>>> print(open('input_10.txt').read())   # compact mmCIF, C-alpha atoms
# COMPACT_ATOMS: atom_id res chain seq x y z
CA MET A 28 43.61 11.74 72.13
CA ARG A 29 43.50 7.99 71.51
CA LEU A 30 46.69 6.29 70.36
CA ASP A 31 47.12 3.18 68.26
CA PRO A 32 47.41 0.45 70.92
CA THR A 33 49.88 -1.66 68.93
CA THR A 34 52.32 1.23 68.57
CA ALA A 35 51.77 2.37 72.15
CA ALA A 36 52.61 -1.13 73.38
CA GLY A 37 55.98 -1.02 71.65
CA SER A 38 59.17 -0.58 73.63
CA ASP A 39 61.05 2.70 73.74
CA SER A 40 64.49 3.06 72.18
CA PRO A 41 67.25 1.44 74.27
CA ILE A 42 69.67 4.08 73.01
CA GLY A 43 67.32 6.81 74.20
CA ALA A 44 67.04 5.04 77.55
CA ALA A 45 70.83 4.84 77.82
CA LEU A 46 71.23 8.53 77.07
CA ALA A 47 68.54 9.36 79.62
CA LEU A 48 70.37 7.29 82.21
CA ALA A 49 73.61 9.06 81.36
CA GLY A 50 71.83 12.31 82.19
CA GLU A 51 71.52 11.14 85.81
CA ARG A 52 75.28 10.96 86.19
CA ASP A 53 77.06 13.82 87.93
CA PRO A 54 79.09 15.53 85.17
CA ALA A 55 81.51 16.80 87.79
CA ARG A 56 82.92 13.26 87.91
CA ASN A 57 84.40 13.76 84.44
CA ALA A 58 87.37 15.59 85.92
CA THR A 59 88.55 12.50 87.81
CA HIS A 60 86.45 9.68 86.33
CA PRO A 61 85.82 10.36 82.61
CA LEU A 62 82.82 8.61 81.14
CA LEU A 63 83.47 5.51 79.05
CA ASP A 64 80.55 5.60 76.61
CA LEU A 65 80.24 2.13 75.08
CA SER A 66 76.56 2.47 74.22
CA GLN A 67 76.21 3.42 70.56
CA ALA A 68 78.01 1.98 67.54
CA ALA A 69 79.31 5.31 66.26
CA PRO A 70 82.57 5.66 64.31
CA PRO A 71 85.29 7.46 66.32
CA TYR A 72 86.72 9.21 63.25
CA PRO A 73 85.42 11.79 60.73
CA PRO A 74 84.53 10.91 57.13
CA ALA A 75 87.21 10.61 54.47
CA PRO A 76 88.52 13.91 53.06
CA GLU A 77 87.07 12.95 49.67
CA VAL A 78 83.63 12.70 51.27
CA VAL A 79 83.93 16.05 53.06
CA GLU A 80 85.07 17.75 49.86
CA ARG A 81 82.08 16.39 47.97
CA VAL A 82 79.66 17.52 50.70
CA VAL A 83 81.04 21.06 50.45
CA GLU A 84 80.61 21.00 46.67
CA VAL A 85 77.02 19.84 47.00
CA ALA A 86 76.20 22.51 49.57
CA ARG A 87 77.45 25.20 47.20
CA ASP A 88 75.58 23.93 44.14
CA PRO A 89 71.93 25.13 44.15
CA ARG A 90 71.07 22.57 41.47
CA LEU A 91 71.57 19.80 44.04
CA SER A 92 69.17 21.13 46.68
CA GLY A 93 66.05 19.66 45.11
CA TYR A 94 64.45 16.24 45.35
CA ALA A 95 66.47 13.24 44.32
CA PRO A 96 64.84 10.35 42.40
CA VAL A 97 62.87 8.13 44.78
CA PRO A 98 65.03 5.03 44.08
CA GLY A 99 68.22 7.08 44.64
CA ILE A 100 70.60 9.02 42.43
CA PRO A 101 71.94 6.89 39.52
CA PRO A 102 75.67 7.25 40.39
CA LEU A 103 75.07 5.87 43.87
CA ARG A 104 72.90 2.99 42.71
CA ARG A 105 75.61 2.12 40.20
CA ALA A 106 78.39 2.35 42.81
CA ILE A 107 76.50 0.09 45.21
CA ALA A 108 75.72 -2.49 42.53
CA ASP A 109 79.30 -2.46 41.23
CA GLU A 110 80.81 -2.98 44.68
CA LEU A 111 78.48 -5.85 45.57
CA ALA A 112 79.02 -7.48 42.17
CA ARG A 113 82.79 -7.31 42.65
CA GLU A 114 82.51 -8.95 46.06
CA HIS A 115 79.81 -11.52 45.39
CA GLY A 116 79.95 -12.11 41.66
CA GLY A 117 76.77 -12.76 39.73
CA ASP A 118 74.24 -10.51 38.11
CA LEU A 119 73.74 -7.21 39.95
CA THR A 120 72.67 -3.98 38.26
CA PRO A 121 71.77 -0.47 39.44
CA ASP A 122 68.11 -1.39 38.86
CA ASP A 123 68.39 -3.88 41.75
CA VAL A 124 69.22 -1.06 44.20
CA VAL A 125 66.92 1.29 46.12
CA VAL A 126 68.61 3.92 48.28
CA THR A 127 67.06 4.60 51.69
CA ALA A 128 67.57 7.03 54.55
CA GLY A 129 69.69 4.57 56.52
CA CYS A 130 69.41 0.84 57.04
CA ASN A 131 66.69 1.12 59.68
CA GLN A 132 64.44 2.67 57.05
CA ALA A 133 65.48 -0.05 54.62
CA PHE A 134 64.35 -2.72 57.08
CA ALA A 135 61.12 -0.90 57.92
CA VAL A 136 59.94 -0.57 54.31
CA VAL A 137 60.99 -4.12 53.42
CA ALA A 138 59.20 -5.53 56.48
CA ASP A 139 56.06 -3.56 55.63
CA ALA A 140 56.19 -4.79 52.03
CA LEU A 141 56.52 -8.42 53.15
CA ALA A 142 54.35 -8.78 56.25
CA GLY A 143 51.27 -7.41 57.93
CA PRO A 144 49.35 -7.81 61.20
CA GLY A 145 49.18 -11.45 62.23
CA ASP A 146 52.11 -12.53 60.07
CA GLU A 147 55.38 -13.93 61.44
CA VAL A 148 59.08 -13.27 60.84
CA ILE A 149 61.86 -15.59 62.00
CA SER A 150 64.42 -13.62 64.00
CA PRO A 151 67.57 -15.25 65.46
CA LEU A 152 68.61 -14.38 69.00
CA PRO A 153 70.00 -12.03 70.04
CA TYR A 154 67.98 -9.77 67.70
CA TYR A 155 68.69 -6.19 66.69
CA PHE A 156 66.31 -4.18 68.85
CA ASN A 157 65.00 -1.84 66.13
CA HIS A 158 63.98 -4.84 64.02
CA ASP A 159 62.02 -6.29 66.91
CA MET A 160 60.48 -2.92 67.78
CA TRP A 161 59.30 -2.29 64.22
CA LEU A 162 57.79 -5.73 63.70
CA ARG A 163 55.85 -5.57 66.97
CA MET A 164 54.58 -2.05 66.34
CA ARG A 165 53.29 -3.21 62.95
CA GLY A 166 51.45 -6.18 64.46
CA VAL A 167 53.94 -8.73 63.06
CA THR A 168 55.06 -11.49 65.43
CA PRO A 169 58.81 -12.11 65.73
CA VAL A 170 59.46 -15.85 66.12
CA TYR A 171 62.77 -16.33 67.89
CA LEU A 172 65.42 -18.73 66.66
CA GLU A 173 67.92 -19.88 69.28
CA PRO A 174 71.48 -19.96 67.89
CA ASP A 175 74.01 -22.71 68.49
CA ALA A 176 76.64 -22.64 71.26
CA ASP A 177 78.77 -20.26 69.17
CA LEU A 178 75.79 -17.91 68.67
CA VAL A 179 75.49 -18.89 64.99
CA PRO A 180 71.88 -19.34 63.81
CA ARG A 181 71.28 -22.57 61.88
CA ALA A 182 68.85 -23.07 59.01
CA ALA A 183 68.10 -26.63 60.15
CA ASP A 184 66.79 -25.24 63.44
CA ALA A 185 64.76 -22.53 61.70
CA GLU A 186 62.74 -24.95 59.57
CA ALA A 187 60.78 -26.23 62.59
CA LEU A 188 59.64 -22.66 63.33
CA LEU A 189 58.02 -22.04 59.93
CA THR A 190 54.24 -21.79 59.74
CA PRO A 191 51.77 -20.69 57.04
CA ARG A 192 52.05 -17.18 58.56
CA THR A 193 55.83 -16.95 58.10
CA ARG A 194 56.80 -14.25 55.61
CA ALA A 195 60.56 -13.88 56.08
CA ILE A 196 63.73 -14.91 57.88
CA VAL A 197 65.98 -12.06 58.99
CA LEU A 198 69.73 -12.49 59.47
CA VAL A 199 72.03 -9.75 60.77
CA THR A 200 75.64 -10.56 59.94
CA PRO A 201 77.95 -9.60 61.55
CA GLY A 202 75.46 -9.51 64.37
CA ASN A 203 74.22 -6.57 66.36
CA PRO A 204 74.68 -7.07 69.32
CA SER A 205 76.73 -10.27 69.15
CA GLY A 206 79.22 -9.35 66.42
CA VAL A 207 78.99 -12.96 65.17
CA THR A 208 79.47 -13.51 61.44
CA VAL A 209 77.20 -16.13 59.90
CA PRO A 210 79.32 -18.43 57.65
CA PRO A 211 78.62 -18.17 53.90
CA GLU A 212 77.55 -21.81 53.69
CA GLU A 213 74.98 -21.26 56.45
CA ILE A 214 73.62 -18.19 54.67
CA THR A 215 73.23 -20.38 51.57
CA ALA A 216 71.34 -22.95 53.65
CA PHE A 217 68.98 -20.23 54.87
CA ALA A 218 68.41 -19.05 51.28
CA GLU A 219 67.58 -22.58 50.17
CA LEU A 220 65.17 -22.96 53.08
CA ALA A 221 63.49 -19.66 52.25
CA ARG A 222 63.15 -20.59 48.57
CA ARG A 223 61.58 -23.96 49.37
CA HIS A 224 58.91 -22.24 51.44
CA ASP A 225 58.43 -19.20 49.16
CA ILE A 226 59.44 -16.66 51.80
CA ALA A 227 62.09 -13.94 51.84
CA LEU A 228 65.57 -14.15 53.29
CA VAL A 229 66.43 -10.64 54.51
CA LEU A 230 70.17 -10.11 55.06
CA ASP A 231 71.12 -7.03 57.08
CA GLU A 232 74.83 -6.55 56.38
CA THR A 233 75.33 -3.18 58.08
CA TYR A 234 78.71 -4.34 59.44
CA ARG A 235 79.79 -6.35 56.36
CA SER A 236 83.03 -4.41 55.94
CA PHE A 237 84.06 -5.18 59.53
CA ARG A 238 84.04 -8.98 59.30
CA PRO A 239 87.10 -10.72 60.75
CA ASP A 240 87.96 -12.05 57.28
CA THR A 241 87.16 -9.89 54.26
CA THR A 242 89.30 -11.84 51.80
CA GLU A 243 86.27 -13.97 50.88
CA PRO A 244 82.72 -12.76 50.08
CA SER A 245 80.23 -12.65 52.93
CA HIS A 246 78.00 -14.92 50.80
CA THR A 247 77.57 -16.09 47.22
CA LEU A 248 73.81 -15.72 46.87
CA PHE A 249 73.93 -13.15 44.07
CA ALA A 250 75.72 -15.69 41.87
CA ASP A 251 72.42 -17.60 41.65
CA PRO A 252 70.43 -16.18 38.69
CA ALA A 253 67.22 -16.75 40.67
CA TRP A 254 68.30 -14.70 43.73
CA ARG A 255 65.70 -11.98 43.14
CA SER A 256 62.86 -14.37 44.02
CA THR A 257 64.16 -14.93 47.56
CA VAL A 258 67.06 -12.74 48.68
CA VAL A 259 66.80 -9.19 50.04
CA GLY A 260 70.01 -7.36 50.97
CA LEU A 261 70.09 -4.45 53.40
CA HIS A 262 73.14 -2.20 53.69
CA SER A 263 74.27 0.83 55.64
CA TYR A 264 77.03 3.35 55.00
CA SER A 265 76.92 5.00 58.44
CA LYS A 266 79.81 3.00 59.88
CA ASP A 267 81.48 2.05 56.62
CA LEU A 268 81.91 5.68 55.53
CA ALA A 269 81.56 7.37 58.97
CA ILE A 270 78.44 9.30 57.88
CA PRO A 271 75.72 8.25 60.35
CA ALA A 272 74.13 11.71 60.33
CA TYR A 273 73.79 11.66 56.54
CA ARG A 274 71.37 8.70 56.64
CA VAL A 275 72.26 6.47 53.70
CA GLY A 276 71.29 2.83 53.34
CA SER A 277 70.07 0.55 50.59
CA VAL A 278 67.77 -2.31 49.67
CA ILE A 279 68.92 -4.90 47.12
CA ALA A 280 65.90 -6.81 45.81
CA GLY A 281 63.93 -8.08 42.85
CA PRO A 282 61.46 -5.92 40.89
CA GLU A 283 58.24 -6.96 42.67
CA LEU A 284 59.55 -6.12 46.12
CA ARG A 285 61.27 -2.93 44.92
CA ARG A 286 57.96 -1.66 43.56
CA GLN A 287 56.32 -2.01 46.97
CA VAL A 288 59.33 -0.45 48.70
CA LEU A 289 59.14 2.59 46.40
CA LYS A 290 55.47 3.10 47.25
CA LEU A 291 56.32 3.18 50.93
CA LEU A 292 59.35 5.45 50.49
CA ASP A 293 57.33 7.93 48.46
CA CYS A 294 54.96 8.33 51.39
CA ILE A 295 57.61 8.36 54.15
CA ALA A 296 60.42 10.59 52.89
CA ILE A 297 60.10 10.76 49.08
CA CYS A 298 63.86 10.19 48.81
CA ALA A 299 66.95 9.73 50.94
CA PRO A 300 68.78 13.04 51.61
CA ARG A 301 70.62 14.19 48.48
CA THR A 302 73.70 15.35 50.38
CA GLY A 303 74.09 11.98 52.02
CA GLN A 304 73.75 10.19 48.70
CA GLU A 305 76.44 12.36 47.11
CA ALA A 306 78.67 11.75 50.14
CA ALA A 307 78.20 8.00 49.77
CA VAL A 308 79.11 8.09 46.07
CA ALA A 309 82.37 9.84 46.94
CA GLY A 310 83.11 7.35 49.70
CA LEU A 311 82.37 4.26 47.61
CA THR A 312 84.24 5.40 44.50
CA ARG A 313 87.11 7.56 45.80
CA ALA A 314 87.94 6.55 49.37
CA GLY A 315 89.00 2.92 49.04
CA ALA A 316 92.33 3.29 50.88
CA TRP A 317 90.67 5.27 53.68
CA ARG A 318 88.01 2.58 54.08
CA ALA A 319 90.62 -0.18 54.31
CA ASP A 320 92.49 1.78 56.97
CA ARG A 321 89.32 2.25 59.02
CA VAL A 322 88.51 -1.47 58.85
CA ALA A 323 91.99 -2.16 60.19
CA GLU A 324 91.48 0.45 62.91
CA ILE A 325 88.25 -1.10 64.15
CA ALA A 326 89.96 -4.51 64.13
CA ARG A 327 92.67 -3.09 66.42
CA ARG A 328 90.02 -1.70 68.75
CA ARG A 329 88.35 -5.11 68.91
CA GLU A 330 91.71 -6.67 69.73
CA TRP A 331 92.34 -4.18 72.54
CA VAL A 332 88.95 -4.93 74.07
CA GLY A 333 89.41 -8.68 73.70
CA ALA A 334 92.86 -8.59 75.30
CA ALA A 335 91.68 -6.36 78.16
CA LEU A 336 88.77 -8.67 79.00
CA ALA A 337 90.55 -11.98 78.35
CA ASP A 338 91.09 -12.64 82.07
CA ARG A 339 87.43 -11.95 82.95
CA PRO A 340 87.99 -8.82 85.08
CA GLY A 341 85.41 -8.69 87.86
CA GLY A 342 83.88 -11.89 86.47
CA PHE A 343 82.71 -10.20 83.24
CA GLU A 344 83.15 -12.66 80.37
CA VAL A 345 83.19 -12.05 76.60
CA ALA A 346 80.71 -14.39 74.92
CA ALA A 347 81.35 -13.03 71.42
CA LEU A 348 83.45 -10.30 69.83
CA GLY A 349 83.12 -9.06 66.26
CA GLY A 350 82.08 -6.19 64.02
CA PHE A 351 81.55 -3.19 66.29
CA PHE A 352 80.58 -5.13 69.43
CA ALA A 353 81.57 -7.18 72.43
CA TRP A 354 78.73 -9.33 73.80
CA VAL A 355 79.59 -9.73 77.47
CA ARG A 356 78.10 -11.82 80.29
CA HIS A 357 78.01 -10.09 83.67
CA PRO A 358 78.64 -12.08 86.88
CA PHE A 359 75.52 -11.15 88.85
CA PRO A 360 72.85 -13.84 88.27
CA ASP A 361 70.66 -12.53 91.10
CA ARG A 362 70.52 -8.94 89.81
CA PRO A 363 68.45 -7.62 86.89
CA THR A 364 70.73 -6.56 84.07
CA LEU A 365 69.17 -3.08 84.01
CA ASP A 366 70.32 -2.68 87.61
CA VAL A 367 73.84 -3.80 86.63
CA VAL A 368 73.90 -1.25 83.79
CA ARG A 369 72.84 1.48 86.20
CA THR A 370 75.53 0.55 88.69
CA LEU A 371 78.23 0.45 86.02
CA LEU A 372 77.27 3.96 84.95
CA LEU A 373 76.67 5.72 88.26
CA ASP A 374 79.37 3.98 90.33
CA HIS A 375 81.92 3.06 87.65
CA ASP A 376 81.38 5.68 84.92
CA THR A 377 80.86 3.11 82.17
CA LEU A 378 77.79 3.26 79.91
CA THR A 379 76.64 0.03 78.24
CA ILE A 380 73.41 -1.32 76.73
CA PRO A 381 71.59 -4.09 78.61
CA GLY A 382 71.26 -7.41 76.84
CA THR A 383 67.55 -7.32 77.63
CA ALA A 384 67.26 -4.84 74.73
CA PHE A 385 68.17 -7.71 72.38
CA LEU A 386 66.53 -10.70 74.05
CA PRO A 387 63.03 -11.71 75.19
CA ASP A 388 64.37 -12.47 78.69
CA ASP A 389 67.29 -11.60 80.97
CA ARG A 390 70.40 -13.70 80.25
CA GLN A 391 72.96 -11.57 82.13
CA MET A 392 74.27 -9.98 78.92
CA LEU A 393 75.65 -6.54 78.07
CA ARG A 394 76.45 -4.99 74.69
CA LEU A 395 79.66 -2.96 74.50
CA SER A 396 80.48 -0.96 71.40
CA VAL A 397 84.19 -1.13 70.60
CA GLY A 398 84.19 1.73 68.11
CA ARG A 399 85.43 4.43 70.50
CA VAL A 400 87.74 2.24 72.62
CA ASP A 401 91.46 2.86 72.19
CA GLU A 402 94.15 0.87 74.02
CA ALA A 403 94.08 3.10 77.10
CA ALA A 404 90.28 3.01 77.27
CA ALA A 405 90.30 -0.79 77.01
CA ALA A 406 92.66 -0.99 79.99
CA LEU A 407 90.46 1.45 81.91
CA LEU A 408 87.40 -0.64 81.07
CA ALA A 409 89.07 -3.72 82.54
CA GLU A 410 89.95 -1.79 85.71
CA ARG A 411 86.39 -0.57 86.15
CA LEU A 412 84.84 -3.98 85.58
CA ALA A 413 87.30 -5.51 88.02
CA GLU A 414 86.35 -2.91 90.62
CA ALA A 415 82.64 -3.55 90.01
CA GLY A 416 83.23 -7.23 90.66
CA ARG A 417 85.32 -6.59 93.78
CA ARG A 418 82.70 -4.33 95.31
CA ALA A 419 80.07 -6.99 94.74
CA GLY A 420 82.26 -9.72 96.19
CA VAL A 421 82.82 -11.57 92.92
CA VAL A 422 85.80 -13.93 93.16
CA THR A 423 87.70 -14.58 89.93
CA GLY A 424 90.64 -16.78 89.13
>>> encode(input="input_10.txt", output="structure tokens")
Amino acid sequence: MRLDPTTAAGSDSPIGAALALAGERDPARNATHPLLDLSQAAPPYPPAPEVVERVVEVARDPRLSGYAPVPGIPPLRRAIADELAREHGGDLTPDDVVVTAGCNQAFAVVADALAGPGDEVISPLPYYFNHDMWLRMRGVTPVYLEPDADLVPRAADAEALLTPRTRAIVLVTPGNPSGVTVPPEEITAFAELARRHDIALVLDETYRSFRPDTTEPSHTLFADPAWRSTVVGLHSYSKDLAIPAYRVGSVIAGPELRRQVLKLLDCIAICAPRTGQEAAVAGLTRAGAWRADRVAEIARRREWVGAALADRPGGFEVAALGGFFAWVRHPFPDRPTLDVVRTLLLDHDTLTIPGTAFLPDDRQMLRLSVGRVDEAAAALLAERLAEAGRRAGVVTG
């Protein structure tokens, strides 16, 4: 059969590639060299007891096995709006919320509603690979924005990239893969830029709860009564509530965009899974203390990784650390990063994602997920990176 050439030209999933590579490893090594899997940003803990209890209740209630409303069940839309209003202030209502089957679906339907073949979307580097994959497979051109020396994208730099074909600017904060949090004042500058040019500012805040400082709001855009004409918020509850398999995300947007999103959702999945939505309601309304404890736990895991890599073991250097990720530069400028990833797995039992999954070229970067790294694993990671450097003849101070 003949395939759509634009889709066929798209890249395959880097996570799928990592898992396939892991399949080449001899499992017998686990007895003496257990695998350090730093590939996927998966929570290391189960959901809150309140969430599990609600899932059991839903499974036993036949009335809850049917379709949910396409925009999402009202209690969840209300819980999402209430939480964001408490954090950001301003005018947010349940009508502003559409529930999706995860944040990837939220991005896909928003991107399809905003842009078509030949259009452009501004995407800061390093980008989230699924965003880039989706845009390219839909015939939309990602236009890359280089960040500053601290890996923070700047609105002043983005303005020069705008053309009549630009339909949106996408920010992921904290970043995936960099973990970098875009400052609130810079997010405001991006919103002002987007409004001046009548384009959308799409904010993917999947890791919002895991910012280094959660005492202040991640931004204040919803306090502007005109936010619905420019701002689109994307959220995920996979990491926040430890329910990645339940597939729950959301779009926060004005009525015109929401209408287009609902058309797309009705054709794709009709509605997000009911069980996942009920689980998210329980997590957002009844598991506040559990969520705070998990945020603190991930912060400790970041600290363990940062401390273990502070002395650049084997020449591996942390470029950024935040959210669920360490963005690490490897010390082998003459080797393709994919080759480095393969060596780390097969010779040093450490699975990472190559930075080439998040960049248009090879910049010697690796993404390490910190979610499953305890203190002992962080020390083991440092040992293995040091050994990788020694074997390659890397000299460190």
>>> residues_around(input="input_10.txt", residues="stretch 255-263 of chain A", least_positions_apart="6", cutoff="7 Å", atoms="all atoms listed in the file", output="compact mmCIF listing (two decimals) with C-alpha atoms, keeping the file's coordinate frame")
# COMPACT_ATOMS: atom_id res chain seq x y z
CA GLY A 129 69.69 4.57 56.52
CA CYS A 130 69.41 0.84 57.04
CA ALA A 133 65.48 -0.05 54.62
CA ALA A 218 68.41 -19.05 51.28
CA ALA A 221 63.49 -19.66 52.25
CA ARG A 222 63.15 -20.59 48.57
CA ILE A 226 59.44 -16.66 51.80
CA ALA A 227 62.09 -13.94 51.84
CA LEU A 228 65.57 -14.15 53.29
CA VAL A 229 66.43 -10.64 54.51
CA LEU A 230 70.17 -10.11 55.06
CA ASP A 231 71.12 -7.03 57.08
CA GLU A 232 74.83 -6.55 56.38
CA THR A 233 75.33 -3.18 58.08
CA VAL A 275 72.26 6.47 53.70
CA GLY A 276 71.29 2.83 53.34
CA SER A 277 70.07 0.55 50.59
CA VAL A 278 67.77 -2.31 49.67
CA ILE A 279 68.92 -4.90 47.12
CA ALA A 280 65.90 -6.81 45.81
CA GLY A 281 63.93 -8.08 42.85
>>> residues_around(input="input_10.txt", residues="stretch 33-37 of chain A", least_positions_apart="6", cutoff="8 Å", atoms="all atoms listed in the file", output="list in words")
Met160, Arg163, Met164, Arg165 and Gly166 of chain A
>>> residues_around(input="input_10.txt", residues="A:Val367", least_positions_apart="6", cutoff="10 Å", atoms="only C-alpha atoms", output="tab-separated table (two decimals) with C-alpha atoms, in the frame of the given file")
chain	number	residue	atom	x	y	z
A	357	HIS	CA	78.01	-10.09	83.67
A	358	PRO	CA	78.64	-12.08	86.88
A	359	PHE	CA	75.52	-11.15	88.85
A	379	THR	CA	76.64	0.03	78.24
A	381	PRO	CA	71.59	-4.09	78.61
A	391	GLN	CA	72.96	-11.57	82.13
A	392	MET	CA	74.27	-9.98	78.92
A	393	LEU	CA	75.65	-6.54	78.07
A	415	ALA	CA	82.64	-3.55	90.01
>>> atom_distance(input="input_10.txt", atom1="atom CA of A:Pro151", atom2="atom CA of A:Pro180")
6.2 Å
>>> residues_around(input="input_10.txt", residues="A:Arg417", least_positions_apart="3", cutoff="12 Å", atoms="only C-alpha atoms", output="list in words")
Pro340, Gly341, Gly342, Phe343, Pro358, Phe359, His375, Glu410, Arg411, Leu412, Ala413, Glu414, Gly420, Val421, Val422 and Thr423 of chain A
>>> closest_residue(input="input_10.txt", among="A:Gly333, A:Pro70, A:Pro210, A:Pro41", to="A:Leu408", atoms="all atoms listed in the file")
A:Gly333
>>> closest_atom_pairs(input="input_10.txt", of="stretch 180-269 of chain A", to="stretch 60-69 of chain A", cutoff="12 Å", atoms="all atoms listed in the file", output="CSV")
residue,atom,partner,partner_atom,distance
A:Asn203,CA,A:Ala68,CA,9.4
A:Pro204,CA,A:Ala68,CA,9.8
A:Gly206,CA,A:Ala68,CA,11.4
A:Thr233,CA,A:Ala68,CA,11.1
A:Tyr234,CA,A:Ala68,CA,10.3
A:Tyr264,CA,A:Ala69,CA,11.7
A:Ser265,CA,A:Ala69,CA,8.2
A:Lys266,CA,A:Ala69,CA,6.8
A:Asp267,CA,A:Ala69,CA,10.4
A:Leu268,CA,A:Ala69,CA,11.0
A:Ala269,CA,A:Ala69,CA,7.9
>>> residues_around(input="input_10.txt", residues="A:Pro101", least_positions_apart="2", cutoff="12 Å", atoms="all atoms listed in the file", output="MDAnalysis selection string")
chainID A and resid 95:99 103:108 120:126 301 304:305 308
>>> closest_residue(input="input_10.txt", among="A:Arg274, A:Arg194, A:Arg52, A:Arg81", to="A:Leu371", atoms="all atoms listed in the file")
A:Arg52
>>> closest_residue(input="input_10.txt", among="A:Thr127, A:Ala216, A:Ala140, A:Ala58", to="A:Arg286", atoms="all atoms listed in the file")
A:Ala140
>>> axis_aligned_box(input="input_10.txt", around="stretch 60-78 of chain A", padding_each_side="4 Å", output="lines of an AutoDock Vina configuration file")
center_x = 82.4
center_y = 7.9
center_z = 68.0
size_x = 20.3
size_y = 19.9
size_z = 44.7
>>> atom_distance(input="input_10.txt", atom1="atom CA of A:Ala185", atom2="atom CA of A:Arg223")
12.8 Å
>>> closest_residue(input="input_10.txt", among="A:Ala353, A:Ala309, A:Leu152, A:Ala384", to="A:Val397", atoms="all atoms listed in the file")
A:Ala353
>>> closest_residue(input="input_10.txt", among="A:Arg318, A:Arg235, A:Arg192, A:Arg87", to="A:Gly349", atoms="all atoms listed in the file")
A:Arg235
>>> atom_distance(input="input_10.txt", atom1="atom CA of A:Ile42", atom2="atom CA of A:Ala128")
18.8 Å
>>> closest_residue(input="input_10.txt", among="A:Ile295, A:Ala406, A:Leu378, A:Ala250", to="A:Glu114", atoms="only C-alpha atoms")
A:Ala250
>>> build_atoms(input="input_10.txt", residues="stretch 316-327 of chain A", atoms="N, CA and C atoms", output="PDB file, in the coordinates of the input")
ATOM      1  N   ALA A 316      91.217   3.449  49.930  1.00  0.00           N
ATOM      2  CA  ALA A 316      92.330   3.290  50.880  1.00  0.00           C
ATOM      3  C   ALA A 316      91.903   3.715  52.277  1.00  0.00           C
ATOM      4  N   TRP A 317      91.167   4.807  52.370  1.00  0.00           N
ATOM      5  CA  TRP A 317      90.670   5.270  53.680  1.00  0.00           C
ATOM      6  C   TRP A 317      89.783   4.218  54.307  1.00  0.00           C
ATOM      7  N   ARG A 318      88.907   3.604  53.535  1.00  0.00           N
ATOM      8  CA  ARG A 318      88.010   2.580  54.080  1.00  0.00           C
ATOM      9  C   ARG A 318      88.805   1.390  54.609  1.00  0.00           C
ATOM     10  N   ALA A 319      89.807   0.950  53.864  1.00  0.00           N
ATOM     11  CA  ALA A 319      90.620  -0.180  54.310  1.00  0.00           C
ATOM     12  C   ALA A 319      91.337   0.150  55.617  1.00  0.00           C
ATOM     13  N   ASP A 320      91.822   1.377  55.738  1.00  0.00           N
ATOM     14  CA  ASP A 320      92.490   1.780  56.970  1.00  0.00           C
ATOM     15  C   ASP A 320      91.524   1.792  58.157  1.00  0.00           C
ATOM     16  N   ARG A 321      90.290   2.195  57.913  1.00  0.00           N
ATOM     17  CA  ARG A 321      89.320   2.250  59.020  1.00  0.00           C
ATOM     18  C   ARG A 321      88.900   0.837  59.448  1.00  0.00           C
ATOM     19  N   VAL A 322      88.796  -0.072  58.503  1.00  0.00           N
ATOM     20  CA  VAL A 322      88.510  -1.470  58.850  1.00  0.00           C
ATOM     21  C   VAL A 322      89.611  -2.013  59.742  1.00  0.00           C
ATOM     22  N   ALA A 323      90.862  -1.713  59.381  1.00  0.00           N
ATOM     23  CA  ALA A 323      91.990  -2.160  60.190  1.00  0.00           C
ATOM     24  C   ALA A 323      91.969  -1.504  61.568  1.00  0.00           C
ATOM     25  N   GLU A 324      91.553  -0.250  61.622  1.00  0.00           N
ATOM     26  CA  GLU A 324      91.480   0.450  62.910  1.00  0.00           C
ATOM     27  C   GLU A 324      90.443  -0.181  63.835  1.00  0.00           C
ATOM     28  N   ILE A 325      89.280  -0.480  63.307  1.00  0.00           N
ATOM     29  CA  ILE A 325      88.250  -1.100  64.150  1.00  0.00           C
ATOM     30  C   ILE A 325      88.708  -2.491  64.596  1.00  0.00           C
ATOM     31  N   ALA A 326      89.435  -3.210  63.738  1.00  0.00           N
ATOM     32  CA  ALA A 326      89.960  -4.510  64.130  1.00  0.00           C
ATOM     33  C   ALA A 326      90.926  -4.374  65.309  1.00  0.00           C
ATOM     34  N   ARG A 327      91.770  -3.322  65.284  1.00  0.00           N
ATOM     35  CA  ARG A 327      92.670  -3.090  66.420  1.00  0.00           C
ATOM     36  C   ARG A 327      91.889  -2.799  67.685  1.00  0.00           C
TER      37      ARG A 327
END
